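K.L.:
Structure file query.tsv (TSV, C-alpha atoms) right here:
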chain	number	residue	atom	x	y	z
B	2	MET	CA	0.00	0.00	0.00
B	3	PRO	CA	1.59	3.32	-0.97
B	4	PRO	CA	1.83	6.07	1.65
B	5	GLN	CA	-1.15	8.39	1.77
B	6	SER	CA	-0.87	12.15	2.19
B	7	ASP	CA	-4.34	12.23	3.72
B	8	PRO	CA	-4.78	9.33	6.16
B	9	PRO	CA	-8.17	7.60	6.31
B	10	SER	CA	-10.63	9.32	8.63
B	11	THR	CA	-13.63	6.97	8.37
B	12	ASP	CA	-14.06	3.22	8.73
B	13	ALA	CA	-14.94	2.97	5.03
B	14	GLU	CA	-11.78	4.85	4.01
B	15	LEU	CA	-9.63	2.76	6.33
B	16	ASP	CA	-11.07	-0.52	5.08
B	17	GLU	CA	-10.53	0.61	1.48
B	18	ALA	CA	-6.88	1.33	2.25
B	19	LEU	CA	-6.32	-1.92	4.13
B	20	THR	CA	-7.79	-4.00	1.31
B	21	ARG	CA	-6.19	-2.25	-1.66
B	22	PRO	CA	-4.29	-5.01	-3.51
B	23	SER	CA	-0.67	-4.52	-4.46
B	24	GLU	CA	0.78	-5.43	-7.85
B	25	ARG	CA	2.00	-8.68	-6.29
B	26	ASP	CA	-1.47	-9.46	-4.97
B	27	ILE	CA	-2.92	-8.92	-8.43
B	28	ALA	CA	-0.22	-11.09	-10.02
B	29	ALA	CA	-1.14	-13.85	-7.56
B	30	ALA	CA	-4.78	-13.52	-8.62
B	31	ALA	CA	-3.81	-13.91	-12.27
B	32	ALA	CA	-2.04	-17.18	-11.45
B	33	LEU	CA	-4.82	-18.60	-9.30
B	34	SER	CA	-7.48	-20.94	-10.65
B	35	GLY	CA	-10.58	-21.71	-8.63
B	36	ASP	CA	-12.67	-20.40	-5.77
B	37	VAL	CA	-11.28	-19.35	-2.38
B	38	VAL	CA	-12.93	-20.28	0.93
B	39	ILE	CA	-11.98	-18.22	3.99
B	40	LEU	CA	-12.94	-19.93	7.24
B	41	GLY	CA	-13.34	-17.66	10.26
B	42	ALA	CA	-13.80	-14.64	8.03
B	43	GLY	CA	-15.86	-12.66	10.55
B	44	GLY	CA	-13.01	-11.89	12.96
B	45	LYS	CA	-10.65	-8.94	13.15
B	46	MET	CA	-8.59	-9.86	10.07
B	47	GLY	CA	-11.03	-11.98	8.09
B	48	PRO	CA	-12.99	-9.16	6.46
B	49	THR	CA	-9.74	-7.51	5.35
B	50	LEU	CA	-8.43	-10.70	3.76
B	51	ALA	CA	-11.75	-11.50	2.09
B	52	ARG	CA	-12.08	-8.08	0.52
B	53	LEU	CA	-8.41	-7.89	-0.53
B	54	THR	CA	-8.83	-11.27	-2.23
B	55	ARG	CA	-12.00	-10.16	-4.01
B	56	ARG	CA	-10.38	-6.94	-5.20
B	57	ALA	CA	-7.29	-8.76	-6.48
B	58	LEU	CA	-9.45	-11.22	-8.43
B	59	ASP	CA	-11.59	-8.40	-9.80
B	60	ALA	CA	-8.46	-6.60	-10.99
B	61	VAL	CA	-7.70	-9.47	-13.36
B	62	GLY	CA	-11.31	-10.01	-14.38
B	63	SER	CA	-11.60	-13.29	-12.53
B	64	GLY	CA	-15.03	-14.71	-11.82
B	65	HIS	CA	-13.78	-17.07	-9.13
B	66	ARG	CA	-15.77	-16.81	-5.94
B	67	VAL	CA	-14.53	-15.65	-2.55
B	68	ILE	CA	-16.61	-17.47	0.06
B	69	ALA	CA	-16.45	-16.03	3.58
B	70	VAL	CA	-17.52	-18.49	6.30
B	71	SER	CA	-18.11	-17.52	9.92
B	72	ARG	CA	-20.77	-17.37	12.59
B	73	PHE	CA	-20.80	-13.60	11.89
B	74	THR	CA	-21.67	-12.57	15.43
B	75	THR	CA	-20.57	-8.96	14.88
B	76	PRO	CA	-23.50	-7.00	13.41
B	77	GLY	CA	-23.04	-5.65	9.91
B	78	VAL	CA	-19.94	-7.63	8.91
B	79	ALA	CA	-21.75	-10.15	6.73
B	80	ASP	CA	-23.77	-7.45	4.96
B	81	ARG	CA	-20.67	-5.37	4.25
B	82	LEU	CA	-18.82	-8.36	2.79
B	83	ALA	CA	-21.80	-9.29	0.63
B	84	GLY	CA	-21.95	-5.69	-0.58
B	85	HIS	CA	-18.41	-6.07	-1.91
B	86	GLY	CA	-19.22	-9.13	-4.01
B	87	ILE	CA	-18.16	-11.75	-1.49
B	88	ASP	CA	-20.28	-14.86	-0.97
B	89	VAL	CA	-21.25	-15.04	2.71
B	90	LEU	CA	-22.02	-18.30	4.47
B	91	ALA	CA	-23.01	-18.38	8.14
B	92	ALA	CA	-21.83	-21.57	9.81
B	93	ASP	CA	-20.62	-22.86	13.16
B	94	LEU	CA	-17.28	-24.46	12.35
B	95	LEU	CA	-17.36	-26.48	15.56
B	96	ASP	CA	-20.27	-28.39	14.01
B	97	GLN	CA	-18.90	-31.27	11.94
B	98	ALA	CA	-22.06	-31.40	9.86
B	99	ALA	CA	-21.61	-27.73	8.98
B	100	ILE	CA	-18.04	-28.39	7.83
B	101	ARG	CA	-19.13	-31.33	5.70
B	102	ALA	CA	-21.72	-29.07	4.04
B	103	LEU	CA	-19.21	-26.39	3.06
B	104	PRO	CA	-18.74	-25.78	-0.68
B	105	ASP	CA	-15.84	-27.34	-2.53
B	106	ALA	CA	-12.92	-25.06	-3.35
B	107	PRO	CA	-9.31	-25.66	-4.36
B	108	HIS	CA	-8.05	-22.88	-2.08
B	109	VAL	CA	-8.78	-22.57	1.63
B	110	VAL	CA	-7.59	-20.09	4.26
B	111	LEU	CA	-8.21	-21.24	7.84
B	112	MET	CA	-8.40	-18.24	10.17
B	113	ALA	CA	-10.72	-19.65	12.83
B	114	GLY	CA	-9.15	-19.85	16.26
B	115	GLN	CA	-9.60	-18.86	19.89
B	116	LYS	CA	-7.15	-16.92	22.02
B	117	PHE	CA	-9.00	-14.62	24.36
B	118	GLY	CA	-11.13	-16.46	26.90
B	119	SER	CA	-8.78	-19.43	26.80
B	120	THR	CA	-8.19	-19.31	30.56
B	121	GLY	CA	-11.91	-19.23	31.33
B	122	ASP	CA	-12.88	-21.96	28.85
B	123	PRO	CA	-9.84	-24.07	27.97
B	124	ALA	CA	-11.97	-26.93	26.61
B	125	ARG	CA	-13.47	-24.69	23.93
B	126	THR	CA	-10.01	-23.33	23.15
B	127	TRP	CA	-8.66	-26.82	22.44
B	128	ALA	CA	-11.76	-27.71	20.43
B	129	THR	CA	-11.43	-24.57	18.31
B	130	ASN	CA	-7.67	-24.68	17.85
B	131	ALA	CA	-7.18	-28.45	17.45
B	132	VAL	CA	-10.42	-30.32	16.71
B	133	LEU	CA	-11.82	-27.78	14.22
B	134	PRO	CA	-8.65	-27.75	12.08
B	135	THR	CA	-8.73	-31.56	12.03
B	136	ASP	CA	-12.23	-31.51	10.55
B	137	VAL	CA	-11.28	-28.79	8.06
B	138	ALA	CA	-8.17	-30.63	6.88
B	139	ARG	CA	-10.16	-33.80	6.29
B	140	ARG	CA	-12.96	-31.93	4.49
B	141	TYR	CA	-10.49	-30.12	2.22
B	142	ALA	CA	-7.88	-32.87	1.86
B	143	SER	CA	-7.72	-32.22	-1.90
B	144	SER	CA	-7.30	-28.43	-1.57
B	145	ARG	CA	-4.44	-26.10	-0.79
B	146	ILE	CA	-4.73	-24.80	2.79
B	147	VAL	CA	-3.17	-21.73	4.37
B	148	ALA	CA	-3.70	-21.92	8.15
B	149	PHE	CA	-3.04	-19.14	10.61
B	150	SER	CA	-0.93	-20.05	13.61
B	151	THR	CA	0.81	-17.75	16.08
B	152	GLY	CA	4.22	-16.65	17.24
B	153	ASN	CA	3.08	-17.74	20.70
B	154	VAL	CA	4.32	-21.25	19.87
B	155	TYR	CA	7.85	-19.91	20.52
B	156	PRO	CA	9.31	-19.45	24.00
B	157	LEU	CA	10.23	-16.03	25.27
B	158	SER	CA	13.57	-15.13	23.72
B	159	PRO	CA	16.37	-12.65	24.55
B	160	ALA	CA	15.32	-9.06	23.99
B	161	PRO	CA	16.11	-6.97	22.20
B	162	GLY	CA	16.98	-9.56	19.63
B	163	PRO	CA	15.92	-10.93	16.28
B	164	GLY	CA	13.67	-13.63	17.75
B	165	PRO	CA	13.37	-17.26	16.70
B	166	ARG	CA	13.39	-18.44	13.11
B	167	GLU	CA	11.01	-21.07	11.79
B	168	SER	CA	13.64	-23.78	12.32
B	169	ASP	CA	14.20	-22.91	15.99
B	170	PRO	CA	12.61	-25.03	18.76
B	171	VAL	CA	9.09	-24.25	19.86
B	172	ASP	CA	8.12	-24.20	23.54
B	173	PRO	CA	4.64	-22.73	24.00
B	174	VAL	CA	3.70	-21.09	27.30
B	175	GLY	CA	0.09	-21.58	28.48
B	176	GLU	CA	-2.88	-23.49	27.13
B	177	TYR	CA	-3.66	-21.13	24.27
B	178	ALA	CA	-0.16	-21.46	22.85
B	179	GLN	CA	-0.13	-25.21	23.51
B	180	SER	CA	-3.41	-25.63	21.62
B	181	ALA	CA	-1.98	-23.57	18.75
B	182	LEU	CA	0.98	-25.92	18.54
B	183	ALA	CA	-1.47	-28.84	18.59
B	184	ARG	CA	-3.15	-27.27	15.53
B	185	GLU	CA	0.20	-27.15	13.76
B	186	ARG	CA	1.06	-30.75	14.64
B	187	ILE	CA	-2.32	-32.09	13.56
B	188	LEU	CA	-2.28	-30.19	10.28
B	189	THR	CA	1.25	-31.42	9.59
B	190	PHE	CA	0.16	-35.01	10.21
B	191	LEU	CA	-2.86	-34.69	7.93
B	192	SER	CA	-0.86	-32.87	5.25
B	193	ARG	CA	1.48	-35.85	5.07
B	194	ARG	CA	-1.26	-38.45	5.27
B	195	HIS	CA	-3.46	-36.93	2.55
B	196	GLU	CA	-0.68	-35.15	0.60
B	197	THR	CA	-2.46	-31.85	1.17
B	198	PRO	CA	-0.27	-28.83	0.39
B	199	MET	CA	-0.38	-26.41	3.33
B	200	ALA	CA	1.25	-23.31	4.75
B	201	LEU	CA	1.32	-22.45	8.47
B	202	LEU	CA	1.59	-18.73	9.22
B	203	ARG	CA	2.96	-17.85	12.65
B	204	LEU	CA	1.56	-14.32	12.99
B	205	ASN	CA	2.87	-11.90	15.61
B	206	TYR	CA	1.06	-9.27	15.73
B	207	ALA	CA	-1.22	-7.65	13.11
B	208	VAL	CA	-2.02	-3.97	13.74
B	209	GLU	CA	-4.27	-1.28	12.32
B	210	PRO	CA	-5.66	1.93	13.83
B	211	ARG	CA	-8.68	0.31	15.51
B	212	TYR	CA	-6.91	-2.47	17.39
B	213	GLY	CA	-3.60	-4.16	17.99
B	214	VAL	CA	-0.52	-3.68	20.13
B	215	LEU	CA	0.10	-0.16	18.87
B	216	ARG	CA	-3.47	0.88	19.61
B	217	ASP	CA	-3.23	-0.70	23.08
B	218	ILE	CA	-0.14	1.35	23.88
B	219	ALA	CA	-1.60	4.52	22.35
B	220	ASP	CA	-4.80	4.17	24.38
B	221	ARG	CA	-2.80	3.93	27.60
B	222	VAL	CA	-0.63	6.91	26.75
B	223	ARG	CA	-3.52	9.13	25.73
B	224	ALA	CA	-5.53	8.20	28.83
B	225	ARG	CA	-2.46	8.80	31.02
B	226	ARG	CA	-2.47	5.21	32.24
B	227	PRO	CA	0.84	3.45	32.88
B	228	VAL	CA	2.25	1.36	30.05
B	229	PRO	CA	3.49	-2.07	31.28
B	230	LEU	CA	7.11	-2.84	30.45
B	231	ALA	CA	7.53	-6.47	31.55
B	232	MET	CA	7.08	-7.47	27.89
B	233	GLY	CA	9.40	-4.71	26.84
B	234	TYR	CA	9.75	-5.55	23.13
B	235	VAL	CA	7.28	-6.54	20.42
B	236	ASN	CA	6.98	-7.32	16.71
B	237	VAL	CA	4.08	-5.96	14.69
B	238	ILE	CA	2.95	-5.99	11.06
B	239	TRP	CA	0.39	-3.79	9.32
B	240	GLN	CA	-2.79	-5.81	8.86
B	241	GLY	CA	-2.96	-5.16	5.12
B	242	ASP	CA	0.56	-6.55	4.74
B	243	ALA	CA	-0.25	-9.63	6.83
B	244	CYS	CA	-3.30	-10.36	4.69
B	245	SER	CA	-1.27	-9.89	1.52
B	246	VAL	CA	1.17	-12.56	2.70
B	247	ALA	CA	-1.69	-14.92	3.57
B	248	TRP	CA	-3.26	-14.45	0.14
B	249	ARG	CA	-0.03	-15.01	-1.74
B	250	ALA	CA	1.00	-17.93	0.48
B	251	LEU	CA	-1.63	-20.08	-1.25
B	252	ALA	CA	0.95	-20.52	-4.02
B	253	SER	CA	3.61	-21.59	-1.50
B	254	CYS	CA	1.76	-24.48	0.12
B	255	GLU	CA	3.82	-27.66	0.45
B	256	VAL	CA	3.78	-31.20	1.85
B	257	PRO	CA	4.71	-31.19	4.71
B	258	PRO	CA	3.47	-27.66	5.46
B	259	PHE	CA	5.51	-24.61	4.62
B	260	VAL	CA	6.05	-22.73	7.93
B	261	LEU	CA	6.44	-18.97	7.92
B	262	ASN	CA	6.85	-16.30	10.58
B	263	VAL	CA	4.70	-13.32	9.60
B	264	THR	CA	5.59	-10.04	11.28
B	265	GLY	CA	7.39	-6.78	10.69
B	266	ALA	CA	11.06	-6.09	10.12
B	267	ASP	CA	11.76	-4.36	13.44
B	268	THR	CA	11.92	-5.31	17.09
B	269	LEU	CA	10.07	-2.44	18.73
B	270	GLU	CA	10.86	-1.19	22.21
B	271	VAL	CA	7.57	-0.69	24.06
B	272	ARG	CA	9.00	2.28	25.96
B	273	ALA	CA	10.03	3.99	22.71
B	274	VAL	CA	6.65	3.32	21.10
B	275	ALA	CA	4.90	4.89	24.10
B	276	GLU	CA	7.17	7.92	23.91
B	277	ALA	CA	6.39	8.29	20.20
B	278	PHE	CA	2.68	8.33	20.95
B	279	GLY	CA	3.35	10.77	23.76
B	280	ARG	CA	4.85	13.19	21.26
B	281	HIS	CA	1.80	12.79	19.00
B	282	PHE	CA	-0.62	13.47	21.87
B	283	GLY	CA	1.41	15.98	23.86
B	284	VAL	CA	1.55	13.61	26.82
B	285	THR	CA	4.47	12.37	28.90
B	286	PRO	CA	3.95	8.60	29.20
B	287	SER	CA	4.16	6.82	32.52
B	288	PHE	CA	5.27	3.22	32.95
B	289	THR	CA	4.87	0.30	35.29
B	290	GLY	CA	7.39	-2.46	35.82
B	291	SER	CA	10.60	-2.77	33.86
B	292	GLU	CA	12.03	-4.66	30.92
B	293	THR	CA	12.93	-8.24	31.84
B	294	GLY	CA	15.41	-9.17	29.14
B	295	THR	CA	13.10	-11.59	27.31
B	296	ALA	CA	10.03	-11.12	25.12
B	297	LEU	CA	7.76	-12.89	22.65
B	298	LEU	CA	9.51	-12.23	19.34
B	299	SER	CA	9.74	-13.75	15.86
B	300	ASN	CA	12.31	-13.42	13.09
B	301	ALA	CA	10.48	-12.82	9.81
B	302	ALA	CA	13.53	-12.59	7.53
B	303	ARG	CA	12.30	-15.55	5.49
B	304	CYS	CA	8.91	-13.91	4.98
B	305	HIS	CA	10.49	-10.68	3.78
B	306	ASP	CA	12.88	-12.50	1.47
B	307	LEU	CA	10.01	-14.40	-0.18
B	308	PHE	CA	7.15	-11.90	-0.08
B	309	GLY	CA	8.90	-8.55	0.21
B	310	ALA	CA	9.29	-6.13	3.09
B	311	PRO	CA	6.08	-4.77	4.63
B	312	SER	CA	4.74	-1.80	2.71
B	313	VAL	CA	3.98	0.04	5.96
B	314	PRO	CA	7.02	0.19	8.26
B	315	ALA	CA	6.56	0.37	12.01
B	316	GLY	CA	7.18	4.10	12.28
B	317	GLU	CA	4.53	4.85	9.69
B	318	ALA	CA	2.11	2.48	11.41
B	319	ILE	CA	2.57	4.45	14.65
B	320	ASP	CA	1.88	7.69	12.79
B	321	ARG	CA	-1.26	6.23	11.20
B	322	VAL	CA	-2.64	5.01	14.52
B	323	ALA	CA	-2.02	8.40	16.13
B	324	ALA	CA	-3.59	10.29	13.20
B	325	TRP	CA	-6.65	8.05	13.32
B	326	MET	CA	-7.11	8.66	17.04
B	327	ARG	CA	-6.60	12.41	16.76
B	328	ALA	CA	-9.28	12.47	14.05
B	329	GLY	CA	-11.74	10.75	16.41
B	330	GLY	CA	-11.52	7.32	14.80
B	331	GLY	CA	-13.10	4.47	16.72
B	332	SER	CA	-11.73	1.38	18.42
B	333	LEU	CA	-12.74	-2.29	18.25
B	334	ASP	CA	-12.15	-2.38	22.03
B	335	ARG	CA	-10.31	-5.70	21.84
B	336	PRO	CA	-7.11	-5.44	23.88
B	337	THR	CA	-4.35	-7.81	22.79
B	338	HIS	CA	-2.91	-8.41	26.29
B	339	PHE	CA	0.51	-8.28	24.64
B	340	GLU	CA	2.02	-7.76	28.09
B	341	GLU	CA	0.99	-11.26	29.25
B	342	ARG	CA	4.09	-13.38	29.95
B	343	GLY	CA	2.46	-16.46	31.46
B	344	GLY	CA	0.23	-17.40	28.52
B	345	ALA	CA	-3.03	-16.72	30.40
B	346	PHE	CA	-5.39	-15.19	27.82
Any chance you could put this one into structure tokens?
P.N.:
Amino acid sequence: MPPQSDPPSTDAELDEALTRPSERDIAAAAALSGDVVILGAGGKMGPTLARLTRRALDAVGSGHRVIAVSRFTTPGVADRLAGHGIDVLAADLLDQAAIRALPDAPHVVLMAGQKFGSTGDPARTWATNAVLPTDVARRYASSRIVAFSTGNVYPLSPAPGPGPRESDPVDPVGEYAQSALARERILTFLSRRHETPMALLRLNYAVEPRYGVLRDIADRVRARRPVPLAMGYVNVIWQGDACSVAWRALASCEVPPFVLNVTGADTLEVRAVAEAFGRHFGVTPSFTGSETGTALLSNAARCHDLFGAPSVPAGEAIDRVAAWMRAGGGSLDRPTHFEERGGAF
């Protein structure tokens, strides 16, 4: 996405910017044959990916369908997607009969998962993150599957530092991260058994002006609430860039699955990010705790080598979040709890 002289000031403008396909996205659409099913398309990132995919296909005159599947519990999401030419299908993906009834498609993106609420309902977390992907992989054994995972499968690593690469050992902390690793292991097993090409995307973290780690820090600074420093360093990636990688990763699926860390190029210091927002808002940030020397980080060098550097660098993302807030832009009110070190989400 090219830089904009006038940042988006409405939800419609922001969504248009987030879903604007790049030349590489359009080239991927030209090479793709067949419909695309996006499972869990009603969440924070799903609508962005669905619309980016539709726009890329439209740019090459493709009539292939984009089918967005979700329970669609957030009012208005399904109608907005349908208004952009996306086929909308309401379904509970924890219902095996519903999965069996899903339409055939050669390309599948699995976004469904549960993180927040894991501590209060661990059984549902394991069902969503391990059982549901099992059913999806069996239903779409003949398709190509891109499945979202998380950087939480890695242990805390020295900070500041580059973070673990895809080949480094995993050691998830807490039930959410453990269930995410279970998803990866099950999908790997089924990829080998059925020779299903897959890609596993370890995302850490997607941001845009309405939610994400940057918005969490900005909200604290602007409200003059202390910013926690125990998780003193983070990785982030602009949501439009993360969705672009997911879309193009359909062409990179392999047996066994192709594993990819998806995040930005920089290790950000939480203290420095807070101070940057302080300058935007004319506020001196306050802090609680101190940096501990380790953090949840990922090394995305492989992603950038294969898919290109993010189009929105971290500094520009900070500026965009601040501009959105100064203009009165809204929030999804979904804190990331990025400061959590014990895996209790």
K.L.:
Give me the residues of segment 104-130 of chain B that have any atom at most 6 Å from an atom of segment 165-187 of chain B; for each, the nearest atom pair and the distance in Å, rounded to one decimal. Use all atoms listed in the file, sort by chain and number, and format it as a tab-separated table.
P.N.:
residue	atom	partner	partner_atom	distance
B:Lys116	CA	B:Tyr177	CA	5.9
B:Ser119	CA	B:Tyr177	CA	6.0
B:Trp127	CA	B:Ser180	CA	5.4
B:Asn130	CA	B:Arg184	CA	5.7
K.L.:
Can those selected residues be exported to a file as a JSON list (two decimals), keeping the file's coordinate frame so that it contains C-alpha atoms?
P.N.:
[["chain", "number", "residue", "atom", "x", "y", "z"],
["B", 116, "LYS", "CA", -7.15, -16.92, 22.02],
["B", 119, "SER", "CA", -8.78, -19.43, 26.80],
["B", 127, "TRP", "CA", -8.66, -26.82, 22.44],
["B", 130, "ASN", "CA", -7.67, -24.68, 17.85]]
K.L.:
Can you write out as a tab-separated table which residues of segment 179-235 of chain B fall within 12 Å of segment 49-68 of chain B, alongside each residue's closest atom pair and its distance in Å to one decimal, counting all atoms listed in the file and ordering rows by chain and ascending residue number?
P.N.:
residue	atom	partner	partner_atom	distance
B:Ala207	CA	B:Thr49	CA	11.5
B:Val208	CA	B:Thr49	CA	11.9
B:Glu209	CA	B:Thr49	CA	10.8
K.L.:
Restricting the output to C-alpha atoms, write the selected residues as a PDB file, keeping the file's coordinate frame.
P.N.:
ATOM      1  CA  ALA B 207      -1.220  -7.650  13.110  1.00  0.00           C
ATOM      2  CA  VAL B 208      -2.020  -3.970  13.740  1.00  0.00           C
ATOM      3  CA  GLU B 209      -4.270  -1.280  12.320  1.00  0.00           C
TER       4      GLU B 209
END
K.L.:
Taking (-0.8, -28.0, 3.9) in the file's coordinates, which residues come within 12 Å, counting only C-alpha atoms, written as a ChimeraX atom specification?
P.N.:
/B:108-111,134-135,137-139,141-149,184-202,250-260
K.L.:
Would you work out the distance separating atom CA of Tyr206 of chain B from atom CA of Trp325 of chain B, expressed in Å to one decimal?
P.N.:
19.1 Å
K.L.:
Step by step: start from the point (-18.8, -9.2, 0.4) in the file's coordinates, keep every protein, DNA or RNA residue that has an atom no farther than 10 Å from it, count all atoms listed in the file, and write the set as a list in words.
P.N.:
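Protein and nucleic acid residues near the point are Pro48, Ala51, Arg52, Arg55, Val67, Ile68, Ala69, Val78, Ala79, Asp80, Arg81, Leu82, Ala83, Gly84, His85, Gly86, Ile87, Asp88 and Val89 of chain B.
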K.L.:
Nearest residue to Phe346 of chain B out of B:Gly265, B:Gly241, B:Gly152, B:Pro123, using all atoms listed in the file?
P.N.:
B:Pro123
K.L.:
Can you work out which one of B:Ala231, B:Ile238, B:Ala275, B:Val313 has the shortest atom-to-atom distance to Ile218 of chain B, counting only C-alpha atoms?
P.N.:
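Going through B:Ala231, B:Ile238, B:Ala275, B:Val313 one by one, the smallest distance to Ile218 of chain B is for B:Ala275.
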K.L.:
Mind dumping segment 229-247 of chain B from that block, keeping N, CA and C atoms, as an mmCIF file, in the first residue's frame?
P.N.:
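This went into decode38.cif:
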data_model
loop_
_atom_site.group_PDB
_atom_site.id
_atom_site.type_symbol
_atom_site.label_atom_id
_atom_site.label_comp_id
_atom_site.auth_asym_id
_atom_site.auth_seq_id
_atom_site.Cartn_x
_atom_site.Cartn_y
_atom_site.Cartn_z
ATOM 1 N N PRO B 229 2.686 -1.004 30.661
ATOM 2 C CA PRO B 229 3.490 -2.067 31.277
ATOM 3 C C PRO B 229 4.740 -2.368 30.451
ATOM 4 N N LEU B 230 5.834 -2.632 31.133
ATOM 5 C CA LEU B 230 7.110 -2.839 30.451
ATOM 6 C C LEU B 230 7.677 -4.248 30.626
ATOM 7 N N ALA B 231 6.977 -5.122 31.342
ATOM 8 C CA ALA B 231 7.527 -6.467 31.553
ATOM 9 C C ALA B 231 7.777 -7.178 30.229
ATOM 10 N N MET B 232 6.851 -7.012 29.261
ATOM 11 C CA MET B 232 7.082 -7.468 27.887
ATOM 12 C C MET B 232 7.570 -6.240 27.135
ATOM 13 N N GLY B 233 8.856 -5.997 27.238
ATOM 14 C CA GLY B 233 9.397 -4.706 26.837
ATOM 15 C C GLY B 233 9.643 -4.532 25.358
ATOM 16 N N TYR B 234 9.484 -5.610 24.561
ATOM 17 C CA TYR B 234 9.752 -5.546 23.130
ATOM 18 C C TYR B 234 8.685 -6.341 22.392
ATOM 19 N N VAL B 235 8.321 -5.891 21.204
ATOM 20 C CA VAL B 235 7.280 -6.543 20.417
ATOM 21 C C VAL B 235 7.616 -6.491 18.926
ATOM 22 N N ASN B 236 7.000 -7.385 18.182
ATOM 23 C CA ASN B 236 6.985 -7.322 16.712
ATOM 24 C C ASN B 236 5.568 -7.033 16.274
ATOM 25 N N VAL B 237 5.405 -6.218 15.245
ATOM 26 C CA VAL B 237 4.083 -5.961 14.690
ATOM 27 C C VAL B 237 4.176 -5.906 13.172
ATOM 28 N N ILE B 238 3.043 -6.115 12.501
ATOM 29 C CA ILE B 238 2.951 -5.986 11.056
ATOM 30 C C ILE B 238 1.607 -5.363 10.716
ATOM 31 N N TRP B 239 1.624 -4.440 9.781
ATOM 32 C CA TRP B 239 0.395 -3.790 9.322
ATOM 33 C C TRP B 239 -0.568 -4.860 8.807
ATOM 34 N N GLN B 240 -1.833 -4.759 9.179
ATOM 35 C CA GLN B 240 -2.787 -5.815 8.857
ATOM 36 C C GLN B 240 -2.925 -6.041 7.348
ATOM 37 N N GLY B 241 -2.890 -4.987 6.561
ATOM 38 C CA GLY B 241 -2.962 -5.162 5.121
ATOM 39 C C GLY B 241 -1.800 -5.980 4.588
ATOM 40 N N ASP B 242 -0.607 -5.775 5.155
ATOM 41 C CA ASP B 242 0.558 -6.549 4.743
ATOM 42 C C ASP B 242 0.434 -8.006 5.165
ATOM 43 N N ALA B 243 -0.070 -8.248 6.367
ATOM 44 C CA ALA B 243 -0.252 -9.629 6.831
ATOM 45 C C ALA B 243 -1.239 -10.372 5.942
ATOM 46 N N CYS B 244 -2.314 -9.710 5.553
ATOM 47 C CA CYS B 244 -3.304 -10.355 4.693
ATOM 48 C C CYS B 244 -2.751 -10.588 3.291
ATOM 49 N N SER B 245 -1.905 -9.689 2.814
ATOM 50 C CA SER B 245 -1.273 -9.887 1.517
ATOM 51 C C SER B 245 -0.406 -11.144 1.528
ATOM 52 N N VAL B 246 0.350 -11.350 2.600
ATOM 53 C CA VAL B 246 1.172 -12.556 2.701
ATOM 54 C C VAL B 246 0.288 -13.795 2.720
ATOM 55 N N ALA B 247 -0.798 -13.757 3.495
ATOM 56 C CA ALA B 247 -1.690 -14.916 3.575
ATOM 57 C C ALA B 247 -2.277 -15.256 2.210
#
